[in-house]
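Participant: Just so it is clear, I am handing over work_1.cif, which has mmCIF, C-alpha atoms and all ligand atoms.
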```cif
data_final
#
loop_
_atom_site.label_atom_id
_atom_site.label_comp_id
_atom_site.auth_asym_id
_atom_site.auth_seq_id
_atom_site.Cartn_x
_atom_site.Cartn_y
_atom_site.Cartn_z
CA MET A 22 -74.34 -109.11 5.41
CA ARG A 23 -72.95 -105.90 3.98
CA LEU A 24 -74.95 -103.56 1.82
CA ALA A 25 -72.29 -103.83 -0.87
CA ASP A 26 -73.15 -107.48 -1.37
CA ARG A 27 -76.79 -106.97 -1.99
CA ARG A 28 -78.09 -107.68 -5.46
CA ASP A 29 -81.45 -106.05 -5.60
CA GLU A 30 -81.76 -102.67 -3.98
CA SER A 31 -84.80 -101.53 -5.86
CA THR A 32 -87.18 -103.34 -3.54
CA VAL A 33 -87.30 -104.04 0.17
CA ILE A 34 -84.01 -105.38 1.48
CA THR A 35 -82.94 -106.58 4.90
CA ALA A 36 -79.87 -105.64 6.88
CA GLY A 37 -78.16 -107.29 9.81
CA SER A 38 -76.06 -110.41 10.06
CA SER A 39 -78.81 -112.64 11.38
CA GLY A 40 -82.05 -113.10 9.54
CA ALA A 41 -83.86 -113.26 12.87
CA ALA A 42 -83.61 -109.67 14.04
CA ALA A 43 -83.45 -108.33 10.53
CA MET A 44 -84.07 -104.64 10.05
CA VAL A 45 -86.03 -103.59 7.06
CA VAL A 46 -84.53 -101.03 4.73
CA VAL A 47 -86.77 -99.69 2.03
CA VAL A 48 -85.27 -98.15 -1.03
CA VAL A 49 -86.94 -95.03 -2.26
CA ALA A 50 -86.45 -92.98 -5.34
CA PHE A 51 -86.51 -89.19 -5.37
CA GLY A 52 -87.15 -86.47 -7.88
CA ALA A 53 -84.18 -84.23 -8.55
CA CYS A 54 -84.64 -81.17 -6.37
CA SER A 55 -87.89 -81.94 -4.64
CA LEU A 56 -86.49 -82.95 -1.28
CA LEU A 57 -83.31 -81.01 -0.95
CA GLY A 58 -83.81 -77.83 -2.90
CA CYS A 59 -81.50 -76.46 -5.56
CA SER A 60 -80.54 -73.04 -4.27
CA ARG A 61 -76.84 -72.16 -4.46
CA SER A 62 -76.46 -69.72 -1.60
CA GLU A 63 -74.22 -70.67 1.32
CA PRO A 64 -75.56 -69.59 4.72
CA GLU A 65 -73.16 -68.59 7.50
CA PRO A 66 -71.77 -71.53 9.43
CA ALA A 67 -73.21 -71.62 12.93
CA PRO A 68 -71.46 -72.90 16.04
CA ARG A 69 -72.68 -76.21 17.41
CA GLY A 70 -75.44 -75.52 19.86
CA GLU A 71 -76.36 -72.23 18.28
CA SER A 72 -76.93 -73.47 14.76
CA ALA A 73 -80.68 -73.42 14.99
CA ASP A 74 -83.08 -72.83 17.79
CA VAL A 75 -86.52 -74.34 17.78
CA ALA A 76 -87.96 -71.54 15.68
CA THR A 77 -85.37 -71.62 12.90
CA PRO A 78 -86.58 -73.40 9.78
CA PRO A 79 -84.27 -76.02 8.29
CA ALA A 80 -81.91 -74.88 5.55
CA GLU A 81 -83.45 -75.20 2.13
CA ASP A 82 -80.26 -75.64 0.20
CA SER A 83 -78.88 -78.72 1.93
CA GLY A 84 -78.61 -80.59 -1.35
CA ALA A 85 -76.62 -77.82 -3.00
CA ARG A 86 -73.98 -77.36 -0.30
CA SER A 87 -70.91 -79.30 -1.38
CA ILE A 88 -68.80 -81.83 0.43
CA GLU A 89 -65.05 -81.71 -0.22
CA PHE A 90 -63.20 -85.01 -0.46
CA LEU A 91 -59.47 -84.89 0.30
CA ILE A 92 -56.50 -87.19 0.87
CA GLU A 93 -54.04 -85.91 3.49
CA SER A 94 -55.44 -82.36 3.00
CA ARG A 95 -55.10 -82.51 -0.82
CA PRO A 96 -58.43 -81.90 -2.59
CA VAL A 97 -59.63 -84.83 -4.70
CA LYS A 98 -63.25 -84.07 -5.47
CA SER A 99 -66.14 -81.86 -4.51
CA LEU A 100 -69.67 -83.25 -4.66
CA THR A 101 -73.03 -81.98 -3.48
CA ALA A 102 -75.45 -84.28 -1.67
CA GLU A 103 -77.65 -83.78 -4.71
CA ALA A 104 -74.91 -85.06 -7.04
CA LEU A 105 -74.09 -87.97 -4.72
CA LYS A 106 -77.72 -89.01 -4.70
CA LYS A 107 -77.57 -89.45 -8.46
CA LYS A 108 -74.54 -91.74 -8.21
CA VAL A 109 -75.43 -93.75 -5.10
CA LYS A 110 -78.95 -94.97 -4.57
CA PRO A 111 -80.59 -93.57 -1.42
CA LEU A 112 -82.18 -95.91 1.15
CA ARG A 113 -84.63 -95.34 3.93
CA LEU A 114 -82.83 -96.37 7.09
CA GLU A 115 -84.11 -96.49 10.65
CA VAL A 116 -81.50 -95.99 13.39
CA PHE A 117 -81.46 -95.23 17.11
CA GLU A 118 -80.54 -91.54 16.87
CA PRO A 119 -78.09 -90.89 19.73
CA TYR A 120 -78.82 -87.18 20.21
CA GLU A 121 -82.61 -87.47 20.05
CA HIS A 122 -82.50 -90.79 21.96
CA ALA A 123 -85.20 -92.23 19.74
CA ASN A 124 -85.60 -94.27 16.58
CA VAL A 125 -85.49 -92.01 13.54
CA VAL A 126 -85.81 -92.78 9.83
CA PHE A 127 -83.37 -91.06 7.47
CA THR A 128 -82.80 -91.04 3.74
CA ALA A 129 -79.22 -92.20 3.51
CA LEU A 130 -76.43 -93.32 1.20
CA PRO A 131 -74.11 -96.21 2.19
CA LEU A 132 -70.81 -94.51 3.14
CA GLU A 133 -68.71 -97.22 1.46
CA ARG A 134 -70.42 -96.47 -1.85
CA VAL A 135 -69.93 -92.74 -1.43
CA LEU A 136 -66.22 -93.22 -0.71
CA ASP A 137 -65.92 -95.50 -3.74
CA GLU A 138 -67.44 -92.71 -5.85
CA ALA A 139 -65.08 -90.10 -4.45
CA TYR A 140 -61.82 -92.02 -4.22
CA GLY A 141 -62.19 -95.37 -5.95
CA PRO A 142 -61.59 -98.53 -3.87
CA SER A 143 -58.19 -97.36 -2.53
CA TRP A 144 -59.75 -95.46 0.41
CA ARG A 145 -59.82 -98.80 2.23
CA THR A 146 -56.03 -98.79 2.55
CA HIS A 147 -56.05 -95.51 4.50
CA GLU A 148 -56.02 -95.44 8.26
CA ALA A 149 -58.66 -92.94 9.28
CA ILE A 150 -61.31 -90.54 8.06
CA LEU A 151 -61.32 -86.99 9.38
CA PHE A 152 -64.75 -85.36 9.14
CA SER A 153 -64.94 -81.56 9.37
CA CYS A 154 -68.23 -79.92 10.20
CA ARG A 155 -69.59 -76.43 9.64
CA ASP A 156 -69.50 -75.73 13.38
CA GLY A 157 -65.87 -76.72 14.07
CA TYR A 158 -66.54 -80.31 15.16
CA GLU A 159 -63.74 -82.57 13.80
CA PRO A 160 -64.07 -86.24 14.65
CA THR A 161 -61.65 -88.85 13.28
CA ILE A 162 -63.00 -92.35 12.68
CA PRO A 163 -60.78 -95.34 11.87
CA VAL A 164 -61.42 -96.68 8.34
CA ARG A 165 -61.64 -100.08 10.07
CA ARG A 166 -64.87 -99.02 11.77
CA VAL A 167 -66.47 -98.21 8.43
CA LEU A 168 -65.40 -101.63 7.09
CA ASP A 169 -66.56 -103.52 10.21
CA HIS A 170 -69.90 -101.77 10.69
CA GLN A 171 -72.48 -100.17 8.41
CA ALA A 172 -72.08 -96.41 8.07
CA PHE A 173 -74.27 -94.13 5.97
CA LEU A 174 -74.41 -90.49 4.96
CA ALA A 175 -77.90 -89.27 5.78
CA ILE A 176 -79.06 -86.60 3.33
CA ALA A 177 -82.67 -86.04 4.41
CA ARG A 178 -85.20 -86.93 7.07
CA PRO A 179 -88.61 -87.89 5.74
CA GLY A 180 -91.47 -86.23 7.59
CA ASP A 181 -92.31 -82.70 8.56
CA VAL A 182 -89.34 -81.53 10.67
CA GLY A 183 -86.96 -81.10 7.72
CA PHE A 184 -83.40 -82.42 7.84
CA THR A 185 -82.99 -81.73 11.56
CA ILE A 186 -82.81 -83.39 14.95
CA LEU A 187 -83.92 -82.17 18.32
CA LYS A 188 -80.87 -82.17 20.58
CA ASP A 189 -80.34 -81.43 24.27
CA GLU A 190 -77.85 -78.63 24.51
CA GLU A 191 -77.05 -76.45 27.47
CA GLY A 192 -80.12 -77.80 29.22
CA GLN A 193 -82.43 -76.90 26.34
CA LYS A 194 -83.88 -78.79 23.43
CA ARG A 195 -82.62 -77.25 20.21
CA ARG A 196 -83.50 -78.14 16.66
CA ILE A 197 -80.25 -78.64 14.76
CA ASP A 198 -79.91 -78.44 10.99
CA LEU A 199 -77.94 -81.51 9.82
CA SER A 200 -77.12 -80.47 6.26
CA PRO A 201 -75.41 -81.15 4.00
CA VAL A 202 -74.83 -84.66 5.37
CA TYR A 203 -74.99 -86.51 8.69
CA VAL A 204 -72.93 -89.66 9.33
CA ILE A 205 -75.16 -92.36 10.84
CA TRP A 206 -74.66 -96.04 11.65
CA GLU A 207 -76.81 -99.15 11.62
CA ASN A 208 -77.29 -99.62 15.38
CA LEU A 209 -80.62 -101.41 15.75
CA ASP A 210 -79.00 -104.78 15.08
CA ASN A 211 -75.49 -103.76 16.11
CA ALA A 212 -75.44 -103.53 19.91
CA ARG A 213 -71.75 -102.57 20.00
CA VAL A 214 -72.26 -99.51 17.81
CA ARG A 215 -75.31 -98.61 19.86
CA THR A 216 -73.29 -98.75 23.12
CA GLU A 217 -70.79 -96.33 21.61
CA GLY A 218 -73.53 -93.70 21.50
CA ASP A 219 -72.72 -90.66 19.36
CA TYR A 220 -69.14 -91.78 18.61
CA GLY A 221 -68.80 -91.28 14.85
CA TRP A 222 -72.06 -89.36 14.28
CA PRO A 223 -70.94 -85.94 12.96
CA TYR A 224 -73.58 -83.74 11.32
CA GLN A 225 -73.15 -80.67 9.07
CA VAL A 226 -70.21 -82.52 7.47
CA VAL A 227 -68.56 -80.45 4.70
CA ARG A 228 -65.14 -82.13 4.43
CA ILE A 229 -64.05 -85.75 4.34
CA ASP A 230 -60.28 -86.25 4.49
CA LEU A 231 -58.42 -89.58 4.40
CA VAL A 232 -55.62 -89.26 6.95
CA SER A 233 -53.16 -91.31 8.95
CA PHE A 234 -53.20 -91.08 12.73
CA GLN A 235 -49.57 -90.03 12.51
CA SER A 236 -50.31 -87.03 10.27
CA ARG A 237 -53.52 -86.01 11.99
CA PHE A 238 -52.34 -86.39 15.56
CA GLN A 239 -48.62 -85.74 15.39
CA GLU A 240 -48.76 -82.61 17.56
CA MET A 241 -51.18 -84.31 19.93
CA ALA A 242 -49.06 -87.42 20.45
CA PRO A 243 -47.34 -87.88 23.82
CA PRO A 244 -43.57 -88.48 23.94
CA ALA A 245 -42.60 -91.86 22.45
CA ASN A 246 -41.31 -93.22 25.77
CA SER A 247 -44.64 -92.61 27.54
CA SER A 248 -46.25 -95.25 29.76
CA ALA A 249 -48.92 -97.63 28.45
CA THR A 250 -51.52 -95.70 30.47
CA VAL A 251 -50.58 -92.41 28.79
CA LEU A 252 -50.66 -94.04 25.33
CA ALA A 253 -54.07 -95.55 26.05
CA GLY A 254 -55.20 -92.11 27.20
CA PHE A 255 -54.03 -90.65 23.89
CA ASP A 256 -56.22 -93.17 22.01
CA ALA A 257 -59.15 -92.36 24.27
CA PHE A 258 -58.60 -88.61 23.84
CA ILE A 259 -58.65 -89.05 20.05
CA ALA A 260 -61.88 -91.04 20.23
CA HIS A 261 -63.75 -88.98 22.81
CA CYS A 262 -62.27 -85.49 23.11
CA SER A 263 -60.28 -84.40 20.04
CA LYS A 264 -63.45 -83.83 18.00
CA CYS A 265 -64.14 -80.81 20.20
CA HIS A 266 -60.79 -79.92 21.79
CA ALA A 267 -57.39 -79.13 20.33
CA ILE A 268 -54.03 -80.05 21.83
CA ASN A 269 -51.13 -77.88 20.63
CA GLY A 270 -53.48 -76.28 18.10
CA HIS A 271 -54.73 -79.52 16.50
CA GLY A 272 -58.23 -80.90 16.95
CA GLY A 273 -61.77 -79.65 17.13
CA ALA A 274 -62.68 -76.05 17.86
CA ILE A 275 -65.90 -76.40 19.85
CA GLY A 276 -64.28 -76.48 23.29
CA PRO A 277 -61.11 -74.72 24.45
CA GLU A 278 -57.58 -75.82 23.53
CA LEU A 279 -56.38 -78.10 26.34
CA ASN A 280 -52.59 -77.80 26.28
CA TYR A 281 -51.23 -74.52 24.96
CA PRO A 282 -50.43 -72.27 26.71
CA ALA A 283 -51.99 -73.86 29.80
CA ASN A 284 -53.06 -77.46 30.37
CA PRO A 285 -55.96 -78.18 32.76
CA THR A 286 -53.70 -80.43 34.87
CA GLU A 287 -51.73 -77.25 35.63
CA TYR A 288 -54.67 -75.14 36.77
CA LEU A 289 -57.32 -77.64 37.92
CA LYS A 290 -57.11 -79.99 40.86
CA GLU A 291 -57.37 -83.55 39.54
CA ALA A 292 -60.78 -84.08 41.17
CA TRP A 293 -62.19 -81.09 39.23
CA LEU A 294 -60.70 -82.30 35.95
CA ARG A 295 -62.34 -85.69 36.55
CA LYS A 296 -65.66 -83.96 37.13
CA TRP A 297 -65.34 -82.15 33.81
CA ILE A 298 -64.96 -85.50 32.04
CA ASP A 299 -67.38 -87.51 34.16
CA GLU A 300 -70.21 -85.02 34.59
CA PRO A 301 -69.74 -81.43 33.31
CA THR A 302 -73.00 -80.37 35.01
CA LEU A 303 -71.07 -80.62 38.31
CA MET A 304 -68.85 -77.81 36.97
CA ARG A 305 -71.18 -75.51 35.06
CA ILE A 306 -74.89 -74.92 34.76
CA ALA A 307 -75.97 -76.08 31.31
CA PRO A 308 -72.51 -76.87 29.92
CA ARG A 309 -72.07 -77.39 26.20
CA MET A 310 -69.71 -80.26 26.93
CA PRO A 311 -71.41 -83.66 27.25
CA PRO A 312 -70.22 -86.21 29.84
CA LEU A 313 -68.02 -89.06 28.61
CA ASN A 314 -70.49 -91.65 27.26
CA PRO A 315 -72.03 -93.21 30.41
CA ASP A 316 -72.49 -96.57 28.64
CA LEU A 317 -68.80 -97.13 27.94
CA PRO A 318 -67.42 -100.29 29.45
CA ASP A 319 -64.31 -99.54 31.58
CA ARG A 320 -65.32 -95.91 31.85
CA ALA A 321 -63.45 -95.27 35.13
CA ARG A 322 -60.24 -96.65 33.65
CA ILE A 323 -60.69 -94.53 30.50
CA ILE A 324 -61.00 -91.40 32.66
CA ASP A 325 -57.77 -92.36 34.51
CA GLU A 326 -56.02 -92.79 31.18
CA ILE A 327 -57.23 -89.46 29.76
CA VAL A 328 -56.10 -87.65 32.92
CA ALA A 329 -52.69 -89.36 32.62
CA TYR A 330 -52.44 -88.34 28.96
CA LEU A 331 -53.28 -84.70 29.72
CA GLY A 332 -50.72 -84.75 32.53
CA ALA A 333 -48.04 -86.01 30.14
CA MET A 334 -48.88 -83.36 27.53
CA ALA A 335 -48.35 -80.54 30.07
CA SER A 336 -44.62 -81.07 29.63
CA HIS A 337 -44.94 -81.56 25.88
CA LYS A 338 -46.15 -78.24 24.49
CA VAL A 339 -45.87 -77.09 20.92
CA GLU A 340 -46.94 -73.59 20.05
CA PRO A 341 -49.85 -73.85 17.61
CA GLY A 342 -48.88 -72.85 14.09
CA THR A 343 -45.19 -73.69 14.43
CA PRO A 344 -43.96 -76.42 12.07
C1 LIG A 401 -69.12 -82.01 22.05
C2 LIG A 401 -67.90 -81.29 22.34
C3 LIG A 401 -67.04 -81.70 23.51
C4 LIG A 401 -66.53 -82.95 23.80
C5 LIG A 401 -66.78 -84.25 23.07
C6 LIG A 401 -65.66 -82.77 24.94
N1 LIG A 401 -65.67 -81.47 25.35
FE1 LIG A 401 -64.63 -80.69 26.90
N2 LIG A 401 -65.53 -78.91 26.62
C7 LIG A 401 -66.37 -78.59 25.58
C8 LIG A 401 -66.82 -77.23 25.74
C9 LIG A 401 -67.75 -76.48 24.79
C10 LIG A 401 -66.19 -76.72 26.90
C11 LIG A 401 -66.33 -75.33 27.52
C12 LIG A 401 -67.29 -75.40 28.68
C13 LIG A 401 -68.71 -75.66 28.22
O1 LIG A 401 -69.29 -74.82 27.54
O2 LIG A 401 -69.20 -76.76 28.50
C14 LIG A 401 -65.40 -77.82 27.44
C15 LIG A 401 -64.64 -77.74 28.59
C16 LIG A 401 -63.71 -78.68 28.99
C17 LIG A 401 -62.78 -78.51 30.09
C18 LIG A 401 -62.65 -77.29 30.98
C19 LIG A 401 -61.57 -76.41 30.42
C20 LIG A 401 -61.46 -75.11 31.13
O3 LIG A 401 -60.36 -74.58 31.18
O4 LIG A 401 -62.48 -74.60 31.63
C21 LIG A 401 -62.03 -79.65 30.15
C22 LIG A 401 -60.91 -79.96 31.13
C23 LIG A 401 -62.51 -80.52 29.11
N3 LIG A 401 -63.52 -79.90 28.43
C24 LIG A 401 -61.99 -81.77 28.84
C25 LIG A 401 -62.56 -82.68 27.95
C26 LIG A 401 -62.12 -84.04 27.80
C27 LIG A 401 -60.94 -84.66 28.52
C28 LIG A 401 -62.96 -84.61 26.88
C29 LIG A 401 -62.97 -86.05 26.41
C30 LIG A 401 -63.27 -87.02 27.43
C31 LIG A 401 -63.91 -83.59 26.44
N4 LIG A 401 -63.64 -82.44 27.12
C32 LIG A 401 -64.93 -83.81 25.50
C33 LIG A 401 -66.76 -79.42 24.56
C34 LIG A 401 -66.50 -80.79 24.49
#
```
Let me see the structure of the file written as C-alpha cells.
Facilitator:
Amino acid sequence: MRLADRRDESTVITAGSSGAAAMVVVVVAFGACSLLGCSRSEPEPAPRGESADVATPPAEDSGARSIEFLIESRPVKSLTAEALKKKVKPLRLEVFEPYEHANVVFTALPLERVLDEAYGPSWRTHEAILFSCRDGYEPTIPVRRVLDHQAFLAIARPGDVGFTILKDEEGQKRRIDLSPVYVIWENLDNARVRTEGDYGWPYQVVRIDLVSFQSRFQEMAPPANSSATVLAGFDAFIAHCSKCHAINGHGGAIGPELNYPANPTEYLKEAWLRKWIDEPTLMRIAPRMPPLNPDLPDRARIIDEIVAYLGAMASHKVEPGTP
C-alpha cells in the first residue's frame, strides 16, 4: 500500500504491503514555529564529518532554511521545511536509521507529496533526482526508486537530541545536524531497502533537481564502446561513489576527484585500490570514506566492475570546466 492511497491520515495509519508485519505510523499535528524555529539567518555550511561535534547544539533555524527545487538546473520553486509542512501533512515514522544503526522516529513528509507540491505530477516522468547537500554530498537516486519504495523528507526528530543523528565518522561518534531535511525510507517492512543501507539517505539537503542520467553523468560516462563490465561499473560508481567523488569535475565534493588530472588506477596498485573500496581502514587510520556497503549481494563483482570502470576512465579524461 502506498501512502498516496490512504484515505484517513488524521488518525493512526498502517504502512507496509502485508497487514501482518504492519508498521504503525502516527500522524501528528504541529504548531507553526514551535518545533523548527522561525529564525532567518543562514549558518555557514559545514563539511560532512565536521558539521557538528557532540557539543554543538542543533541548528535552531532548520525550518527556515529553504530547499530549492529545480528541473535540469533551472529553478522551479523554493520552499522552506516550514512552508512544506503546511502543504503536506507530517507523519511520525519509525525507520532503521543506517548511520546510527538503530530504530529512530522522525517527523516526516511523504516525498511523493512534496514533489507533487513542487513540480506537479510530471516529476514522475523524469529519470533521476539529484540531491545536493550543504556539505558537498550529491547523491542521485532514480525516480523509479521513489515510485517503488516509500521515501520521506524528515524535518524533525521528536525527543531531546534535536534534529540530529549520532554518526560514526573518522573513528568517532559525532552528532550531525540534519537540517533542513533528511531523505529517509520505510525500511522496517522493506528488507530490500534495508539491505541497501544508507543508499539514498542524504541529510542537510538544500537542492532537489530532476535530471536525466545523460545530463548528470555525461562527463562521467565511459566511452560508448566499453565492455559490459565497464558499463556495469559506471552504474555502480553512480550508485555508490559519485555522491562523494567527482570524475572529470562532476560528482560529489566530499572525497577527491578520481580522474582528472590523475586516476587512482594510474598511481595505485590494483590491490590498494580494492582496499580503498573494500575497507578504507586498511589504508588510513580513521578514514572519512566508508567501505562499500558490506551487505550488498555480489559485492566482490561490484568491486571488480568499479575498478574496471575507473581503469577505462583513465584514458577518457575531460578537463573539469571545459564544455
Ligand atoms: C561518504 C563519502 C564517500 C564515499 C561514498 C566514497 N568515498 Fe572514496 N573517499 C572519500 C574521502 C573523504 C576520501 C579521502 C580519504 C579519507 O578521508 O577517507 C576518499 C578516498 C578515496 C580514494 C583514495 C584516493 C587517493 O588518491 O588517496 C579512492 C580510490 C576512493 N576514495 C574511491 C572510492 C570509490 C571507488 C567509491 C565507491 C565505491 C568511494 N570512494 C566512495 C569519501 C567517499
Participant: Box for ligand LIG 401 (chain A): with edges along x, y and z, all listed atoms inside and 4 Å added on each side, what are the centre and edge lengths in Å to one decimal, as AutoDock Vina command-line options?
Facilitator:
```
--center_x -64.8 --center_y -80.8 --center_z 26.8 --size_x 16.9 --size_y 20.4 --size_z 17.6
```
Participant: Check the smallest atom-to-atom distance from each of A:Arg237, A:His261, A:Arg113, A:Arg155 to Ala274 (chain A) using all atoms listed in the file, then report the winner.
Facilitator: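 For Ala274 (chain A), the nearest of the candidates is A:Arg155.
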Participant: Could you list the protein, DNA and RNA residues that have any atom within 9 Å of ligand LIG 401 (chain A), counting all atoms listed in the file, and write them as a count of residues only?
Facilitator: 51
Participant: Could you tell me how far CA of Leu187 (chain A) lies from CA of Arg320 (chain A), in Å and to one decimal?
Facilitator: 26.8 Å
Participant: Please report the interatomic distance between CA of Asn269 (chain A) and CA of Ala333 (chain A) in Å with one decimal.
Facilitator: 12.9 Å
Participant: Return the single residue from A:Tyr203, A:Tyr281, A:Tyr224, A:Tyr330 that is closest to Asp156 (chain A), with distances computed using only C-alpha atoms.
Facilitator: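 Looking at the shortest contact to Asp156 (chain A), the residue is A:Tyr224.
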Participant: Which is closest to Ile88 (chain A) among A:Lys106, A:Arg165, A:Arg215, A:Arg228, if we use all atoms listed in the file?
Facilitator: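 Ranked by minimum distance to Ile88 (chain A), first place goes to A:Arg228.
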Participant: For Ser200 (chain A), which residue out of A:Gly218, A:Gly183, A:Gly141, A:Gly270 is the nearest one, using all atoms listed in the file?
Facilitator: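 Of A:Gly218, A:Gly183, A:Gly141, A:Gly270, the one nearest Ser200 (chain A), counting all atoms listed in the file, is A:Gly183.
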Participant: Just checking: using only C-alpha atoms, which residue out of A:Asp189, A:Glu118, A:Asp181, A:Glu207 ends up closest to Pro131 (chain A)?
Facilitator: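 Using only C-alpha atoms, Pro131 (chain A) sits closest to A:Glu207.
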Participant: Quick one: pull the distance between CA of Leu151 (chain A) and CA of Leu231 (chain A), Å, one decimal.
Facilitator: 6.3 Å
Participant: Do you know which residues are at most 12 Å from Lys108 (chain A) counting all atoms listed in the file, after dropping those on the same chain fewer than 6 positions away, and could you put them as an mmCIF file with C-alpha atoms, in the coordinates of the input?
Facilitator:
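File produced: out_25.cif:
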```
data_model
loop_
_atom_site.group_PDB
_atom_site.id
_atom_site.type_symbol
_atom_site.label_atom_id
_atom_site.label_comp_id
_atom_site.auth_asym_id
_atom_site.auth_seq_id
_atom_site.Cartn_x
_atom_site.Cartn_y
_atom_site.Cartn_z
ATOM 1 C CA LEU A 100 -69.670 -83.250 -4.660
ATOM 2 C CA THR A 101 -73.030 -81.980 -3.480
ATOM 3 C CA ALA A 102 -75.450 -84.280 -1.670
ATOM 4 C CA LEU A 130 -76.430 -93.320 1.200
ATOM 5 C CA PRO A 131 -74.110 -96.210 2.190
ATOM 6 C CA ARG A 134 -70.420 -96.470 -1.850
ATOM 7 C CA VAL A 135 -69.930 -92.740 -1.430
ATOM 8 C CA LEU A 136 -66.220 -93.220 -0.710
ATOM 9 C CA ASP A 137 -65.920 -95.500 -3.740
ATOM 10 C CA GLU A 138 -67.440 -92.710 -5.850
ATOM 11 C CA ALA A 139 -65.080 -90.100 -4.450
#
```
